[in-house]
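Structure file input08.txt; described as compact mmCIF, N, CA and C atoms.
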# COMPACT_ATOMS: atom_id res chain seq x y z
N MET F 1 48.28 82.90 26.99
CA MET F 1 49.69 82.63 27.22
C MET F 1 50.46 83.94 27.40
N ARG F 2 50.27 84.84 26.44
CA ARG F 2 51.00 86.12 26.51
C ARG F 2 50.62 86.89 27.76
N ALA F 3 49.35 86.83 28.16
CA ALA F 3 48.90 87.55 29.35
C ALA F 3 49.56 86.98 30.60
N ALA F 4 49.66 85.66 30.69
CA ALA F 4 50.30 85.03 31.84
C ALA F 4 51.78 85.41 31.93
N VAL F 5 52.46 85.41 30.80
CA VAL F 5 53.88 85.78 30.78
C VAL F 5 54.04 87.26 31.12
N ALA F 6 53.19 88.12 30.58
CA ALA F 6 53.26 89.55 30.89
C ALA F 6 53.05 89.79 32.39
N ARG F 7 52.09 89.11 32.99
CA ARG F 7 51.86 89.26 34.44
C ARG F 7 53.08 88.81 35.23
N ALA F 8 53.65 87.66 34.85
CA ALA F 8 54.81 87.14 35.58
C ALA F 8 56.00 88.08 35.47
N LEU F 9 56.26 88.60 34.28
CA LEU F 9 57.39 89.53 34.11
C LEU F 9 57.16 90.82 34.88
N THR F 10 55.93 91.30 34.89
CA THR F 10 55.62 92.53 35.62
C THR F 10 55.79 92.33 37.12
N LEU F 11 55.40 91.18 37.63
CA LEU F 11 55.60 90.89 39.06
C LEU F 11 57.08 90.84 39.41
N LEU F 12 57.88 90.25 38.52
CA LEU F 12 59.32 90.13 38.78
C LEU F 12 60.10 91.43 38.58
N HIS F 13 59.73 92.20 37.54
CA HIS F 13 60.57 93.32 37.12
C HIS F 13 59.87 94.67 37.15
N GLY F 14 58.61 94.70 37.55
CA GLY F 14 57.87 95.95 37.53
C GLY F 14 57.29 96.22 36.16
N LYS F 15 56.55 97.28 36.07
CA LYS F 15 55.86 97.62 34.82
C LYS F 15 56.87 98.07 33.76
N GLY F 16 56.66 97.61 32.54
CA GLY F 16 57.52 97.98 31.41
C GLY F 16 56.84 97.58 30.12
N HIS F 17 57.58 97.66 29.02
CA HIS F 17 57.02 97.30 27.71
C HIS F 17 56.53 95.85 27.69
N TRP F 18 57.12 95.00 28.50
CA TRP F 18 56.75 93.59 28.58
C TRP F 18 55.41 93.38 29.27
N SER F 19 54.85 94.42 29.89
CA SER F 19 53.61 94.29 30.65
C SER F 19 52.37 94.20 29.78
N SER F 20 52.48 94.55 28.54
CA SER F 20 51.34 94.51 27.63
C SER F 20 51.12 93.07 27.16
N SER F 21 49.91 92.58 27.35
CA SER F 21 49.63 91.19 26.98
C SER F 21 48.92 91.08 25.64
N GLY F 22 48.58 92.19 25.02
CA GLY F 22 47.88 92.14 23.75
C GLY F 22 46.38 91.93 23.96
N THR F 23 45.66 92.09 22.89
CA THR F 23 44.21 91.96 22.94
C THR F 23 43.77 90.72 22.16
N GLU F 24 42.55 90.34 22.34
CA GLU F 24 42.00 89.22 21.57
C GLU F 24 42.02 89.54 20.08
N LYS F 25 41.72 90.79 19.74
CA LYS F 25 41.74 91.22 18.35
C LYS F 25 43.13 91.04 17.74
N GLU F 26 44.17 91.43 18.50
CA GLU F 26 45.54 91.26 18.03
C GLU F 26 45.89 89.78 17.86
N ALA F 27 45.45 88.95 18.79
CA ALA F 27 45.72 87.52 18.70
C ALA F 27 45.06 86.91 17.46
N LEU F 28 43.82 87.31 17.19
CA LEU F 28 43.13 86.80 16.00
C LEU F 28 43.81 87.26 14.72
N ARG F 29 44.30 88.51 14.69
CA ARG F 29 45.03 89.00 13.51
C ARG F 29 46.32 88.20 13.33
N GLU F 30 46.98 87.89 14.43
CA GLU F 30 48.22 87.10 14.38
C GLU F 30 47.94 85.73 13.76
N ILE F 31 46.83 85.12 14.15
CA ILE F 31 46.47 83.81 13.61
C ILE F 31 46.20 83.90 12.11
N ARG F 32 45.57 84.99 11.68
CA ARG F 32 45.24 85.15 10.24
C ARG F 32 46.46 85.48 9.39
N THR F 33 47.44 86.18 9.94
CA THR F 33 48.54 86.70 9.12
C THR F 33 49.88 85.99 9.34
N SER F 34 49.94 85.04 10.24
CA SER F 34 51.20 84.39 10.58
C SER F 34 51.01 82.88 10.69
N ARG F 35 52.12 82.20 10.79
CA ARG F 35 52.11 80.77 11.12
C ARG F 35 52.35 80.69 12.62
N VAL F 36 51.35 80.28 13.36
CA VAL F 36 51.43 80.19 14.82
C VAL F 36 51.85 78.77 15.18
N ILE F 37 52.84 78.67 16.05
CA ILE F 37 53.35 77.37 16.50
C ILE F 37 53.09 77.27 18.00
N LEU F 38 52.54 76.14 18.41
CA LEU F 38 52.24 75.90 19.82
C LEU F 38 53.07 74.74 20.34
N ALA F 39 53.46 74.84 21.60
CA ALA F 39 54.05 73.71 22.32
C ALA F 39 53.01 73.34 23.38
N ARG F 40 52.62 72.08 23.40
CA ARG F 40 51.60 71.69 24.36
C ARG F 40 51.80 70.26 24.83
N VAL F 41 51.20 70.00 25.96
CA VAL F 41 51.09 68.65 26.49
C VAL F 41 49.60 68.41 26.65
N GLY F 42 49.05 67.52 25.84
CA GLY F 42 47.60 67.33 25.83
C GLY F 42 46.94 68.63 25.42
N ALA F 43 46.00 69.08 26.21
CA ALA F 43 45.28 70.33 25.92
C ALA F 43 45.98 71.55 26.51
N GLU F 44 47.00 71.33 27.34
CA GLU F 44 47.67 72.46 28.01
C GLU F 44 48.73 73.08 27.09
N ILE F 45 48.58 74.37 26.82
CA ILE F 45 49.56 75.09 26.00
C ILE F 45 50.70 75.56 26.90
N LEU F 46 51.92 75.17 26.54
CA LEU F 46 53.10 75.53 27.31
C LEU F 46 53.87 76.69 26.71
N GLY F 47 53.70 76.91 25.40
CA GLY F 47 54.42 77.99 24.76
C GLY F 47 53.87 78.24 23.37
N THR F 48 54.23 79.40 22.84
CA THR F 48 53.76 79.78 21.51
C THR F 48 54.73 80.78 20.89
N LEU F 49 54.72 80.81 19.58
CA LEU F 49 55.41 81.85 18.82
C LEU F 49 54.73 81.95 17.48
N SER F 50 55.04 82.98 16.74
CA SER F 50 54.52 83.09 15.39
C SER F 50 55.63 83.50 14.44
N LEU F 51 55.49 83.05 13.20
CA LEU F 51 56.39 83.42 12.12
C LEU F 51 55.59 84.19 11.09
N ALA F 52 56.14 85.31 10.64
CA ALA F 52 55.43 86.15 9.68
C ALA F 52 56.38 86.62 8.59
N THR F 53 55.82 86.89 7.43
CA THR F 53 56.61 87.45 6.34
C THR F 53 56.68 88.97 6.45
N LYS F 54 55.73 89.58 7.14
CA LYS F 54 55.70 91.03 7.29
C LYS F 54 56.64 91.47 8.42
N LYS F 55 57.46 92.44 8.12
CA LYS F 55 58.43 92.98 9.08
C LYS F 55 57.71 93.69 10.22
N PRO F 56 58.06 93.35 11.48
CA PRO F 56 57.48 94.07 12.62
C PRO F 56 57.93 95.53 12.65
N TRP F 57 57.17 96.35 13.34
CA TRP F 57 57.41 97.79 13.38
C TRP F 57 58.77 98.17 13.92
N ALA F 58 59.34 97.40 14.82
CA ALA F 58 60.60 97.79 15.46
C ALA F 58 61.85 97.31 14.72
N ILE F 59 61.68 96.56 13.65
CA ILE F 59 62.83 96.02 12.92
C ILE F 59 63.35 97.03 11.90
N ALA F 60 64.64 97.33 11.97
CA ALA F 60 65.30 98.19 10.99
C ALA F 60 66.11 97.28 10.05
N PRO F 61 65.66 97.10 8.81
CA PRO F 61 66.26 96.11 7.91
C PRO F 61 67.75 96.28 7.65
N GLU F 62 68.25 97.50 7.75
CA GLU F 62 69.66 97.73 7.42
C GLU F 62 70.62 97.00 8.36
N HIS F 63 70.16 96.50 9.47
CA HIS F 63 71.03 95.78 10.40
C HIS F 63 71.22 94.31 10.03
N PHE F 64 70.43 93.80 9.10
CA PHE F 64 70.39 92.38 8.82
C PHE F 64 71.09 92.03 7.52
N THR F 65 71.45 90.76 7.39
CA THR F 65 72.05 90.25 6.17
C THR F 65 71.01 90.32 5.05
N GLN F 66 71.46 90.73 3.87
CA GLN F 66 70.53 90.80 2.74
C GLN F 66 70.23 89.38 2.27
N VAL F 67 68.95 89.03 2.30
CA VAL F 67 68.49 87.71 1.85
C VAL F 67 67.25 87.91 0.99
N THR F 68 66.87 86.86 0.28
CA THR F 68 65.70 86.94 -0.59
C THR F 68 64.40 86.81 0.20
N ARG F 69 64.35 85.87 1.14
CA ARG F 69 63.11 85.58 1.87
C ARG F 69 63.40 85.47 3.37
N ALA F 70 63.04 86.49 4.11
CA ALA F 70 63.21 86.46 5.56
C ALA F 70 61.85 86.25 6.23
N LEU F 71 61.86 85.54 7.33
CA LEU F 71 60.69 85.41 8.19
C LEU F 71 61.01 86.10 9.51
N TYR F 72 59.97 86.56 10.18
CA TYR F 72 60.14 87.29 11.43
C TYR F 72 59.48 86.51 12.56
N LEU F 73 60.27 86.18 13.56
CA LEU F 73 59.76 85.51 14.74
C LEU F 73 59.16 86.56 15.65
N ARG F 74 57.89 86.35 16.03
CA ARG F 74 57.18 87.34 16.82
C ARG F 74 56.46 86.67 17.98
N ASP F 75 56.32 87.42 19.03
CA ASP F 75 55.45 87.05 20.15
C ASP F 75 55.73 85.67 20.75
N MET F 76 56.99 85.36 20.95
CA MET F 76 57.30 84.08 21.60
C MET F 76 57.02 84.21 23.08
N ALA F 77 56.37 83.20 23.64
CA ALA F 77 56.06 83.18 25.07
C ALA F 77 56.04 81.74 25.55
N VAL F 78 56.62 81.51 26.71
CA VAL F 78 56.59 80.20 27.36
C VAL F 78 55.95 80.40 28.72
N ALA F 79 55.01 79.53 29.06
CA ALA F 79 54.31 79.63 30.34
C ALA F 79 55.32 79.70 31.47
N PRO F 80 55.11 80.59 32.44
CA PRO F 80 56.08 80.72 33.54
C PRO F 80 56.43 79.39 34.20
N ALA F 81 55.47 78.51 34.42
CA ALA F 81 55.74 77.23 35.07
C ALA F 81 56.54 76.28 34.20
N ALA F 82 56.59 76.52 32.89
CA ALA F 82 57.29 75.64 31.96
C ALA F 82 58.66 76.18 31.55
N GLN F 83 59.01 77.37 32.00
CA GLN F 83 60.29 77.95 31.60
C GLN F 83 61.45 77.16 32.19
N GLY F 84 62.53 77.08 31.43
CA GLY F 84 63.72 76.35 31.86
C GLY F 84 63.62 74.84 31.65
N GLN F 85 62.60 74.39 30.92
CA GLN F 85 62.40 72.96 30.71
C GLN F 85 62.56 72.55 29.25
N GLY F 86 63.07 73.45 28.40
CA GLY F 86 63.31 73.12 27.00
C GLY F 86 62.17 73.45 26.06
N VAL F 87 61.08 74.02 26.57
CA VAL F 87 59.94 74.35 25.72
C VAL F 87 60.34 75.37 24.66
N GLY F 88 61.04 76.42 25.07
CA GLY F 88 61.46 77.45 24.13
C GLY F 88 62.38 76.91 23.05
N ARG F 89 63.30 76.05 23.45
CA ARG F 89 64.23 75.43 22.48
C ARG F 89 63.45 74.59 21.46
N HIS F 90 62.45 73.85 21.91
CA HIS F 90 61.64 73.05 21.00
C HIS F 90 60.81 73.94 20.07
N LEU F 91 60.30 75.05 20.59
CA LEU F 91 59.57 75.99 19.74
C LEU F 91 60.48 76.55 18.64
N LEU F 92 61.71 76.92 19.01
CA LEU F 92 62.65 77.46 18.02
C LEU F 92 63.02 76.40 16.98
N ALA F 93 63.20 75.16 17.41
CA ALA F 93 63.52 74.09 16.47
C ALA F 93 62.38 73.90 15.47
N GLU F 94 61.15 73.95 15.95
CA GLU F 94 60.00 73.81 15.05
C GLU F 94 59.90 75.02 14.13
N ALA F 95 60.17 76.21 14.65
CA ALA F 95 60.16 77.42 13.82
C ALA F 95 61.21 77.31 12.72
N GLU F 96 62.38 76.81 13.06
CA GLU F 96 63.44 76.64 12.06
C GLU F 96 63.01 75.62 11.00
N ARG F 97 62.39 74.51 11.42
CA ARG F 97 61.92 73.50 10.47
C ARG F 97 60.87 74.09 9.53
N VAL F 98 59.93 74.83 10.09
CA VAL F 98 58.88 75.46 9.29
C VAL F 98 59.50 76.47 8.31
N ALA F 99 60.43 77.27 8.80
CA ALA F 99 61.05 78.29 7.95
C ALA F 99 61.81 77.66 6.79
N ARG F 100 62.52 76.57 7.04
CA ARG F 100 63.26 75.90 5.96
C ARG F 100 62.31 75.34 4.91
N SER F 101 61.12 74.90 5.32
CA SER F 101 60.17 74.34 4.36
C SER F 101 59.32 75.42 3.70
N TRP F 102 59.39 76.66 4.20
CA TRP F 102 58.52 77.74 3.70
C TRP F 102 58.72 77.98 2.23
N PRO F 103 59.85 78.21 1.62
CA PRO F 103 61.20 78.28 2.16
C PRO F 103 61.61 79.71 2.51
N ALA F 104 62.45 79.82 3.50
CA ALA F 104 62.99 81.12 3.91
C ALA F 104 64.50 81.00 4.01
N ASP F 105 65.17 82.15 3.90
CA ASP F 105 66.62 82.20 4.00
C ASP F 105 67.11 82.57 5.40
N ALA F 106 66.22 83.19 6.20
CA ALA F 106 66.62 83.66 7.52
C ALA F 106 65.39 83.83 8.41
N ILE F 107 65.64 83.72 9.71
CA ILE F 107 64.64 84.09 10.71
C ILE F 107 65.22 85.28 11.47
N ARG F 108 64.44 86.34 11.58
CA ARG F 108 64.88 87.56 12.26
C ARG F 108 63.96 87.85 13.45
N LEU F 109 64.51 88.56 14.42
CA LEU F 109 63.70 88.95 15.57
C LEU F 109 64.35 90.10 16.31
N ASP F 110 63.56 90.72 17.17
CA ASP F 110 64.11 91.68 18.12
C ASP F 110 63.75 91.20 19.51
N ALA F 111 64.65 91.45 20.46
CA ALA F 111 64.44 91.05 21.86
C ALA F 111 64.77 92.24 22.74
N TYR F 112 64.08 92.35 23.86
CA TYR F 112 64.41 93.40 24.82
C TYR F 112 65.85 93.21 25.27
N ASP F 113 66.56 94.31 25.39
CA ASP F 113 67.93 94.30 25.89
C ASP F 113 67.87 94.57 27.39
N GLY F 114 68.23 93.60 28.19
CA GLY F 114 68.20 93.77 29.64
C GLY F 114 67.75 92.49 30.32
N THR F 115 67.52 92.58 31.61
CA THR F 115 67.19 91.39 32.39
C THR F 115 65.87 90.75 31.95
N VAL F 116 64.94 91.52 31.42
CA VAL F 116 63.67 90.98 30.97
C VAL F 116 63.80 90.33 29.60
N GLY F 117 64.80 90.71 28.85
CA GLY F 117 64.97 90.20 27.49
C GLY F 117 65.47 88.78 27.44
N ALA F 118 65.32 88.17 26.27
CA ALA F 118 65.72 86.78 26.06
C ALA F 118 66.93 86.68 25.14
N GLY F 119 67.74 87.73 25.09
CA GLY F 119 68.89 87.73 24.19
C GLY F 119 69.82 86.55 24.38
N ALA F 120 70.15 86.23 25.62
CA ALA F 120 71.07 85.11 25.88
C ALA F 120 70.46 83.80 25.41
N PHE F 121 69.16 83.66 25.55
CA PHE F 121 68.47 82.45 25.09
C PHE F 121 68.60 82.29 23.58
N TYR F 122 68.33 83.36 22.82
CA TYR F 122 68.42 83.28 21.37
C TYR F 122 69.86 83.03 20.92
N ALA F 123 70.82 83.67 21.57
CA ALA F 123 72.23 83.46 21.23
C ALA F 123 72.64 82.01 21.50
N LYS F 124 72.18 81.45 22.60
CA LYS F 124 72.51 80.05 22.92
C LYS F 124 71.94 79.10 21.87
N TYR F 125 70.80 79.43 21.30
CA TYR F 125 70.20 78.58 20.27
C TYR F 125 70.98 78.68 18.96
N GLY F 126 71.68 79.77 18.72
CA GLY F 126 72.45 79.93 17.49
C GLY F 126 72.13 81.18 16.70
N PHE F 127 71.20 81.99 17.18
CA PHE F 127 70.93 83.27 16.52
C PHE F 127 72.14 84.18 16.74
N LYS F 128 72.46 84.96 15.73
CA LYS F 128 73.58 85.91 15.81
C LYS F 128 73.06 87.31 16.06
N GLU F 129 73.68 88.00 16.99
CA GLU F 129 73.33 89.40 17.22
C GLU F 129 73.84 90.23 16.05
N VAL F 130 72.95 91.05 15.47
CA VAL F 130 73.34 91.87 14.32
C VAL F 130 73.17 93.36 14.58
N GLY F 131 72.66 93.73 15.73
CA GLY F 131 72.53 95.15 16.03
C GLY F 131 71.83 95.41 17.35
N ARG F 132 72.06 96.61 17.83
CA ARG F 132 71.39 97.10 19.04
C ARG F 132 70.85 98.48 18.73
N VAL F 133 69.61 98.70 19.09
CA VAL F 133 68.96 99.99 18.84
C VAL F 133 68.09 100.35 20.03
N VAL F 134 67.70 101.59 20.08
CA VAL F 134 66.67 102.03 21.02
C VAL F 134 65.51 102.48 20.16
N TYR F 135 64.39 101.80 20.31
CA TYR F 135 63.20 102.11 19.52
C TYR F 135 62.11 102.61 20.45
N ARG F 136 61.71 103.87 20.28
CA ARG F 136 60.69 104.49 21.13
C ARG F 136 60.99 104.30 22.61
N GLY F 137 62.26 104.51 22.96
CA GLY F 137 62.67 104.42 24.35
C GLY F 137 62.96 103.02 24.85
N THR F 138 62.80 102.01 24.00
CA THR F 138 63.02 100.62 24.42
C THR F 138 64.30 100.09 23.79
N PRO F 139 65.28 99.68 24.61
CA PRO F 139 66.50 99.09 24.06
C PRO F 139 66.23 97.68 23.53
N LEU F 140 66.61 97.45 22.28
CA LEU F 140 66.39 96.17 21.62
C LEU F 140 67.69 95.60 21.07
N ILE F 141 67.73 94.29 20.98
CA ILE F 141 68.81 93.59 20.29
C ILE F 141 68.19 92.90 19.09
N TYR F 142 68.81 93.05 17.93
CA TYR F 142 68.36 92.36 16.73
C TYR F 142 69.15 91.06 16.58
N PHE F 143 68.46 89.99 16.25
CA PHE F 143 69.06 88.69 16.03
C PHE F 143 68.59 88.13 14.70
N GLU F 144 69.45 87.29 14.10
CA GLU F 144 69.02 86.54 12.92
C GLU F 144 69.67 85.17 12.93
N LEU F 145 68.96 84.25 12.31
CA LEU F 145 69.46 82.89 12.10
C LEU F 145 69.40 82.66 10.60
N LEU F 146 70.59 82.58 9.98
CA LEU F 146 70.65 82.33 8.53
C LEU F 146 70.41 80.84 8.28
N LEU F 147 69.58 80.54 7.29
CA LEU F 147 69.19 79.17 7.02
C LEU F 147 69.83 78.62 5.76
N THR F 148 70.60 79.41 5.06
CA THR F 148 71.22 78.94 3.81
C THR F 148 72.70 78.71 3.99

Can the structure from this file be put into structure tokens for me?
Amino acid sequence: MRAAVARALTLLHGKGHWSSSGTEKEALREIRTSRVILARVGAEILGTLSLATKKPWAIAPEHFTQVTRALYLRDMAVAPAAQGQGVGRHLLAEAERVARSWPADAIRLDAYDGTVGAGAFYAKYGFKEVGRVVYRGTPLIYFELLLT
């Protein structure tokens, strides 16, 4: 899934940080260390994301609301052919349901800032922008969804 999305973004926008599709080893580690959520129709996977308790490398905690238990939304991807059909919204709704039952106080994430990024999508769902940073040359927007 991530490889297909990376290829599609690279075709549309040229090579960038979004061009990396990850390795099988990284995917297996994600499965072991996170809660992976899939959107599918039958056997066809339309989208995926993961929720983790471990803070991703690009997250600077000082930008976020202080909470007891935060989860981090990572590696969300929707198949190019399924984009714009509500798959991402359903993935976020399931992530929110899972986070509330975890229990967690917030879901945090970073998104690319620019045309390749999904900032407007997260804001439309209800995530609040809490900061903008440049991390290793990549402009990012930090978002959080408070659950309490």

Excluding same-chain residues fewer than 5 positions from Gly126 in chain F, what lies within 6.5 Å of it counting all atoms listed in the file, as a ChimeraX atom specification?
/F:121,144-145

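The smallest atom-to-atom distance between Ile141 in chain F and any of F:Gly47, F:Thr53, F:Ala111, F:Lys128, using all atoms listed in the file, is found for F:Ala111.
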
Assign secondary structure with DSSP using the backbone only, and return the residues of chain F in alpha helix (DSSP H) as a PyMOL selection string.
chain F and resi 2-13+24-33+87-101+119-125

Give me the box for range 91-102 of chain F as JSON, namely the centre and edge lengths in Å to one decimal of a box along x, y and z that holds every listed atom plus 4 Å on each side.
{"center_x": 61.0, "center_y": 75.9, "center_z": 11.4, "size_x": 13.0, "size_y": 12.8, "size_z": 26.4}

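Proximity ranking of F:Glu96, F:Thr138, F:Ala77, F:Thr33 relative to Thr48 in chain F places F:Ala77 first, based on all atoms listed in the file.
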